[in-house]
Amino acid sequence: MSDRYVRDLDEVDETQVAVVGGKGARLGALARLDGIRVPPGFCVTTDAYRRVVAEAPAMADHLDHLSRLTSEDRTAVRDRSAAIRRLIEGIVLPDDLVTAIDEALRRHGVDAAYAVRSSATAEDLATASFAGQQDTYLNVRGTAAVRAQISRCWASLFTERAVTYRQRNGIDHRSVHLAVVVQTMVFPQAAGVLFTADPVTSNRRVASVEASFGLGEALVSGLVNPDAYRVRDDAIVDRSIATKRVTVDALPGGGTARQAVRADRQEQPALTDDQVLRLVRVGRRIEAAFGCPQDIEWCLVDDDVQIVQSRPITTLFPVPAAADEENHVYLSVGHQQMMTDAMKPLGLSMWQLTAMAPMHEAGGRLFVDATRILASPASRAGFLEMAGRTDPLTRDALETLLARPDFVPTLTQDAPAVPRLGGASSTIENDPAVVTGLIERSRASLVALQNDIATVTGPALFDFLPKAFEEHKRLLADPVSMQAIMAGMEATWWLNERLADWLGEKNAADTLTLSAPGNVTSEMGLALLDVADAIRPYPEVVAFLREVDDDGFLDGLPGLPGGVAARDAIRDYLDRYGMRCVGEIDITRPRWAERPSTLVPLILDNIRLHEAGAARRRFAQGRAEAERKRAELLERLRALPDGERKADETARMIDRVRTFIGYREYPKYAIISRYFVYKQALMREADRLVHAGVLRDRDDIFYLTFAELHDVVRTHVVDDRLVQRRRAAYRAHQQLTPPRVLTSEGECLSGAYRRDDVPAGALVGLGVSGGVVEGRARVLLDLAEADLEPGDILVTSYTDPSWSPLFVAVAGLVTDVGGLMTHGAVIAREYGLPAVVGVPDATRLIRDGQRIRVHGVDGYVEILDAPDAGAQL
């Protein structure tokens, strides 16, 4: 039987989401699987919903108002949603719809009990499950009651939680319609949920079962603690049997009620071990059929497993695709590059094409496969040592994994060792000319790229760029460049370790590297102070900048007194640093040169917080402090036994660190400079494609890989549906948090500090720049929202070089992500800012406006009080 308004479950499948919603389509697909029991029933289609809401002319006006609200407009969302629900519930069902529903009930049993469940078209999707967003009604008896609950299900499409969920996932309210599933009610002895991947660790080989007596409502509503099992490879590896004092049971006349569990049953398992294993096998069959891990609702009726729902687990971090079935260990590239946000497809593929090592994509992020280096005894120890120096959390995560038997195979002793990064850096001379030469060669290569690419267009551009990428990688792999980087890092480690041993001096290199010469990233921050100096004398320009709300503001400056000087100062800054931006390793991110208004709040803060000449003074003060520290340390060393030798060695290392540590930042600057040249060429192609009518929007190219974009340029044909799917996937990836370490089984490991030497309640991280500072926490996730006061401490997710101009205005730094030698740490040391990085969830645990104390040597943050009443929240 097939009807416009009603379809039996055995008539639908996954292709009919638009007709019966996500839940209905998946239940229909489940019912078709061999060996899977699904309670019979029918779906009231989305056509019925559309027919009913069409009876209410006011609906369009309500939706127009709702579409203009955001999830932050909570009161307005609540009021408008309630009005829509009242409207829908008050609509009288058309006679032909009533007839269709009543006929379906007669087929399945007028006297039967039913579960009436909402099924939205934007539900149980691979990228957003919408679990629990619409309503379900259990043990509904009688045709009139079923029809009433169908109306309530339609109305539940506009609960506040459902509306807010759609807003946050970028789904238009008008595009979502609701079907209703009406299923024969089952009365189970036990019920619960089954995750075919561990929801805590994300391990795909570990299933998680939760079970309790009676209907599953007691479990999902939080009335009881369920029995919990973890199953791996058809064996229970962990179990916890809860005390179950309450069940939710069906009442004879309809509806449900809480019931007390007899005292002698409260400690009994809801399932036998055999039932647990059988349930997981059913779940594995469902997972195989749908092709991804599942969140399954089940009931046990007279020892028979029945499935009442299955949806994708949308919170799992995806696993990189592998060409084999072997175990793999993947390390996050984003945690090393200080950009853990999701990247768009063009950004991912461009980084893969220009990186020095093969990189694997998952969840909009990049990972490197470290399995081989960890499997080789010749390379494992050195790799772990390097990881521990830069990011202790990554080392701890790796050691946790390596402690498990057999996950990472051990290669034979004669397996080739992975060469150490930088080779023999000790052979490079303490000669500033080495750095000067490297920078000159890099600049010459950039000029050649700019000249050569200027006239290359169309398919020829995509023949040219792979050759440019080879030059790009040649510069990165220059052995002298690698040695220079390592020389600065190793000198830092040497100074910290030896001076701690000889003098008890903690993190001595923090002071010794203040105002180190040649650091392009710290110079960028100081240069923006000079821009402020150029603008400060002109109040009309300052007033104009306070009102800037678009990126064409530079053209409006020349008409103001001092406007030409201000414009020229900003343009000069953009000529030197305009290729930078937050998340700059993603070529699709808007650069400062493309969006100069990003810099305006920083310039205004510099004018407000600093006096003229601040850049010169700061650099000179830092250099003088470093010189004083050098003299003090050498004097103390000479007083020790064998002091002259120790002082001479230390002096050489101080010279070495100041010669090379600034260069640590230059290769990234060179990469991003080249990236901007590539992007400008690709955007010119995008503009041509828009002009030719091939693309709707120039930004569509961001959702294509480099190879796919090449094909579009060559053929002038684009798959619009692919672009839209990629946009949706990117939005979903933005909601995911990437792990530091990810296994081929999907397990996410973030590591732990395992310290007991910090005050109770303190947030532990990695101390990367010495000193202690107390001040107001300024929690910022967007550089453009900078609004600082003297003494503020910046708290943010990560700091790539683009955040450096903000460092001149803050007193300290705390980040969620970071390591000893990442960009934020290096610049914090050069500016003398106490800094603790790699503090898990710092931006969530520290609230904007709270007073905090940052211990930059000992690596922890104390939260001193609640936010001030007037603080921004």
# chains A, B, ... in the order shown; residues from 1 in each chain; ligands from 1

$ residues_around --residues "Glu14 of chain A" --least-positions-apart "2" --cutoff "10 Å" --atoms "only C-alpha atoms" --output "list in words"
Val12, Gln16, Val17, Ala18, Val20, Gly21, Gly22, Lys23, Gly24, Ala25, Arg26, Leu27, Gly28, Ala29, Leu30 and Phe290 of chain A

$ residues_around --residues "segment 819-821 of chain A" --least-positions-apart "5" --cutoff "8 Å" --atoms "only C-alpha atoms" --output "list in words"
Gln336, Arg389, Thr390, Asp391, Pro392, Met489, Leu766, Gly767, Val768, Val826, Val837 and Gly838 of chain A

$ write_last_selection --atoms "N, CA and C atoms" --output "short mmCIF file (atom, residue, chain, number, x, y, z; two decimals), in the first residue's frame"
data_model
loop_
_atom_site.label_atom_id
_atom_site.label_comp_id
_atom_site.auth_asym_id
_atom_site.auth_seq_id
_atom_site.Cartn_x
_atom_site.Cartn_y
_atom_site.Cartn_z
N GLN A 336 50.79 21.09 15.95
CA GLN A 336 52.15 21.56 15.71
C GLN A 336 52.15 22.93 15.01
N ARG A 389 59.82 17.42 24.60
CA ARG A 389 60.37 18.77 24.73
C ARG A 389 59.39 19.81 24.22
N THR A 390 58.70 19.50 23.14
CA THR A 390 57.82 20.48 22.51
C THR A 390 56.40 20.44 23.05
N ASP A 391 55.90 19.24 23.35
CA ASP A 391 54.51 19.11 23.82
C ASP A 391 54.39 17.86 24.68
N PRO A 392 54.49 17.99 26.00
CA PRO A 392 54.42 16.83 26.89
C PRO A 392 53.14 16.03 26.74
N MET A 489 66.96 26.06 18.76
CA MET A 489 66.18 25.27 19.71
C MET A 489 67.10 24.51 20.67
N LEU A 766 51.83 23.90 30.14
CA LEU A 766 53.27 23.90 29.91
C LEU A 766 53.78 25.33 30.05
N GLY A 767 54.66 25.55 31.03
CA GLY A 767 55.26 26.87 31.19
C GLY A 767 56.28 27.11 30.10
N VAL A 768 56.08 28.15 29.29
CA VAL A 768 56.97 28.38 28.15
C VAL A 768 57.66 29.74 28.20
N VAL A 826 57.52 31.19 21.48
CA VAL A 826 58.73 31.91 21.08
C VAL A 826 58.54 33.42 21.23
N VAL A 837 50.98 27.46 28.06
CA VAL A 837 50.25 26.99 26.89
C VAL A 837 49.87 25.53 27.09
N GLY A 838 49.06 25.02 26.16
CA GLY A 838 48.65 23.63 26.24
C GLY A 838 47.83 23.35 27.50
#

$ closest_atom_pairs --of "segment 580-625 of chain A" --to "segment 665-682 of chain A" --cutoff "8 Å" --atoms "only C-alpha atoms" --output "tab-separated table"
residue	atom	partner	partner_atom	distance
A:Arg580	CA	A:Ile672	CA	6.9
A:Glu584	CA	A:Ile672	CA	7.0
A:Ile585	CA	A:Ile672	CA	7.2
A:Ile587	CA	A:Tyr675	CA	6.5
A:Thr588	CA	A:Lys679	CA	7.8
A:Arg591	CA	A:Phe676	CA	8.0

$ residues_around --residues "segment 165-179 of chain A" --least-positions-apart "6" --cutoff "7 Å" --atoms "only C-alpha atoms" --output "list in words"
Val20, Gly21, Cys43, Val44, Thr45, Thr46, Tyr49, Ser67, Thr70, Ser71, Ser118, Ser119, Ala120, Thr121, Ala122, Trp154 and Leu157 of chain A

$ write_last_selection --atoms "all heavy atoms" --output "compact mmCIF listing (two decimals), in the first residue's frame"
# COMPACT_ATOMS: atom_id res chain seq x y z
N VAL A 20 9.68 10.62 4.52
CA VAL A 20 9.35 10.10 5.85
C VAL A 20 10.33 10.53 6.92
O VAL A 20 10.29 10.03 8.05
CB VAL A 20 9.23 8.55 5.82
CG1 VAL A 20 8.10 8.12 4.94
CG2 VAL A 20 10.55 7.91 5.40
N GLY A 21 11.25 11.46 6.61
CA GLY A 21 12.21 11.94 7.60
C GLY A 21 13.32 10.95 7.87
O GLY A 21 13.30 9.80 7.40
N CYS A 43 4.39 5.44 8.61
CA CYS A 43 4.87 6.83 8.68
C CYS A 43 3.79 7.75 8.13
O CYS A 43 3.21 7.49 7.07
CB CYS A 43 6.13 7.01 7.86
SG CYS A 43 7.53 6.03 8.40
N VAL A 44 3.54 8.84 8.84
CA VAL A 44 2.74 9.93 8.32
C VAL A 44 3.73 10.88 7.63
O VAL A 44 4.65 11.39 8.27
CB VAL A 44 1.98 10.65 9.44
CG1 VAL A 44 1.14 11.79 8.86
CG2 VAL A 44 1.10 9.67 10.20
N THR A 45 3.60 11.09 6.34
CA THR A 45 4.66 11.68 5.52
C THR A 45 4.78 13.19 5.72
O THR A 45 3.92 13.85 6.31
CB THR A 45 4.39 11.41 4.04
OG1 THR A 45 3.21 12.14 3.65
CG2 THR A 45 4.18 9.92 3.78
N THR A 46 5.86 13.71 5.16
CA THR A 46 6.08 15.16 5.21
C THR A 46 5.04 15.90 4.38
O THR A 46 4.77 17.08 4.64
CB THR A 46 7.49 15.50 4.70
OG1 THR A 46 7.68 14.92 3.40
CG2 THR A 46 8.55 14.96 5.64
N TYR A 49 2.47 16.93 6.73
CA TYR A 49 2.90 18.10 7.51
C TYR A 49 2.73 19.37 6.68
O TYR A 49 2.17 20.38 7.15
CB TYR A 49 4.35 17.92 7.94
CG TYR A 49 5.00 19.19 8.47
CD1 TYR A 49 4.78 19.60 9.77
CD2 TYR A 49 5.82 19.96 7.66
CE1 TYR A 49 5.37 20.76 10.26
CE2 TYR A 49 6.41 21.12 8.13
CZ TYR A 49 6.18 21.52 9.43
OH TYR A 49 6.75 22.66 9.91
N SER A 67 13.62 33.21 11.17
CA SER A 67 14.85 33.11 10.37
C SER A 67 15.79 34.27 10.62
O SER A 67 17.00 34.17 10.36
CB SER A 67 14.51 33.02 8.88
OG SER A 67 13.96 34.25 8.43
N THR A 70 18.98 34.69 15.95
CA THR A 70 20.13 33.80 16.15
C THR A 70 19.94 33.05 17.45
O THR A 70 19.06 33.36 18.26
CB THR A 70 21.45 34.60 16.20
OG1 THR A 70 21.48 35.36 17.42
CG2 THR A 70 21.58 35.53 15.01
N SER A 71 20.80 32.06 17.67
CA SER A 71 20.69 31.26 18.89
C SER A 71 20.95 32.09 20.14
O SER A 71 20.60 31.67 21.25
CB SER A 71 21.66 30.08 18.83
OG SER A 71 23.00 30.53 18.67
N SER A 118 8.54 11.60 16.35
CA SER A 118 8.85 12.60 15.32
C SER A 118 9.98 12.11 14.42
O SER A 118 10.89 11.41 14.85
CB SER A 118 9.27 13.91 15.98
OG SER A 118 8.31 14.35 16.89
N SER A 119 9.93 12.51 13.13
CA SER A 119 10.96 12.11 12.16
C SER A 119 11.19 13.27 11.20
O SER A 119 10.48 13.42 10.21
CB SER A 119 10.51 10.85 11.40
OG SER A 119 11.49 10.46 10.45
N ALA A 120 12.19 14.10 11.51
CA ALA A 120 12.45 15.30 10.71
C ALA A 120 13.32 14.97 9.51
O ALA A 120 14.11 14.02 9.51
CB ALA A 120 13.12 16.37 11.56
N THR A 121 13.19 15.78 8.45
CA THR A 121 14.02 15.57 7.27
C THR A 121 15.48 15.90 7.55
O THR A 121 16.37 15.37 6.90
CB THR A 121 13.51 16.42 6.09
OG1 THR A 121 13.37 17.79 6.52
CG2 THR A 121 12.17 15.91 5.61
N ALA A 122 15.74 16.80 8.50
CA ALA A 122 17.12 17.08 8.93
C ALA A 122 17.33 16.35 10.25
O ALA A 122 17.36 16.94 11.31
CB ALA A 122 17.36 18.57 9.08
N TRP A 154 4.40 17.21 15.19
CA TRP A 154 4.65 18.27 14.22
C TRP A 154 5.07 19.56 14.92
O TRP A 154 6.01 20.23 14.52
CB TRP A 154 3.38 18.53 13.39
CG TRP A 154 3.06 17.48 12.38
CD1 TRP A 154 3.94 16.68 11.72
CD2 TRP A 154 1.76 17.12 11.90
NE1 TRP A 154 3.27 15.84 10.86
CE2 TRP A 154 1.93 16.09 10.95
CE3 TRP A 154 0.47 17.56 12.19
CZ2 TRP A 154 0.86 15.51 10.27
CZ3 TRP A 154 -0.60 17.00 11.52
CH2 TRP A 154 -0.41 15.97 10.57
N LEU A 157 8.67 20.25 16.14
CA LEU A 157 9.71 20.73 15.24
C LEU A 157 10.16 22.14 15.64
O LEU A 157 11.24 22.59 15.28
CB LEU A 157 9.18 20.75 13.80
CG LEU A 157 10.16 21.02 12.67
CD1 LEU A 157 11.27 19.98 12.63
CD2 LEU A 157 9.44 21.08 11.33

$ residues_around --residues "Pro320 of chain A" --least-positions-apart "6" --cutoff "7 Å" --atoms "only C-alpha atoms" --output "PyMOL selection string"
chain A and resi 360-362

$ write_last_selection --atoms "N, CA, C and O atoms" --output "PDB file, in the first residue's frame"
ATOM      1  N   HIS A 360      47.535  12.964   5.958  1.00  0.00           N
ATOM      2  CA  HIS A 360      46.257  12.286   5.794  1.00  0.00           C
ATOM      3  C   HIS A 360      45.155  13.162   6.367  1.00  0.00           C
ATOM      4  O   HIS A 360      45.290  13.714   7.461  1.00  0.00           O
ATOM      5  N   GLU A 361      44.030  13.255   5.635  1.00  0.00           N
ATOM      6  CA  GLU A 361      42.934  14.113   6.064  1.00  0.00           C
ATOM      7  C   GLU A 361      41.897  13.327   6.841  1.00  0.00           C
ATOM      8  O   GLU A 361      41.569  12.191   6.507  1.00  0.00           O
ATOM      9  N   ALA A 362      41.375  13.939   7.882  1.00  0.00           N
ATOM     10  CA  ALA A 362      40.234  13.394   8.622  1.00  0.00           C
ATOM     11  C   ALA A 362      39.580  14.525   9.384  1.00  0.00           C
ATOM     12  O   ALA A 362      40.264  15.326  10.035  1.00  0.00           O
TER      13      ALA A 362
END

$ select_by_dssp --residues "segment 128-177 of chain A" --states "alpha helix (DSSP H)" --output "list in words"
Thr143, Ala144, Ala145, Val146, Arg147, Ala148, Gln149, Ile150, Ser151, Arg152, Cys153, Trp154, Ala155, Glu160, Arg161, Ala162, Val163, Thr164, Tyr165, Arg166, Gln167 and Arg168 of chain A

$ select_by_dssp --residues "segment 152-323 of chain A" --states "strand (DSSP E)" --output "count of residues only"
60

$ residues_around --residues "Gly791 of chain A" --least-positions-apart "6" --cutoff "8 Å" --atoms "only C-alpha atoms" --output "VMD selection string"
chain A and resid 774 to 776 810 to 811

$ residues_around --residues "Tyr860 of chain A" --least-positions-apart "2" --cutoff "12 Å" --atoms "only C-alpha atoms" --output "number ranges by chain"
A: 753, 755-773, 813-815, 834-840, 842, 852-858, 862-863

$ residues_around --residues "segment 688-703 of chain A" --least-positions-apart "2" --cutoff "9 Å" --atoms "only C-alpha atoms" --output "number ranges by chain"
A: 344-347, 587-588, 682-686, 705-706, 708-709, 712-713, 716-718, 720, 722-727, 730

$ atom_distance --atom1 "atom CA of Asp551 of chain A" --atom2 "atom CA of Pro596 of chain A"
5.8 Å

$ closest_residue --among "A:Glu490, A:Asp198, A:Glu429, A:Asp47" --to "Val19 of chain A" --atoms "only C-alpha atoms"
A:Asp47

$ atom_distance --atom1 "atom CA of Leu528 of chain A" --atom2 "atom CA of Arg847 of chain A"
28.2 Å

$ closest_residue --among "A:Asp655, A:Glu217, A:Asp302, A:Asp249" --to "Pro517 of chain A" --atoms "only C-alpha atoms"
A:Asp655
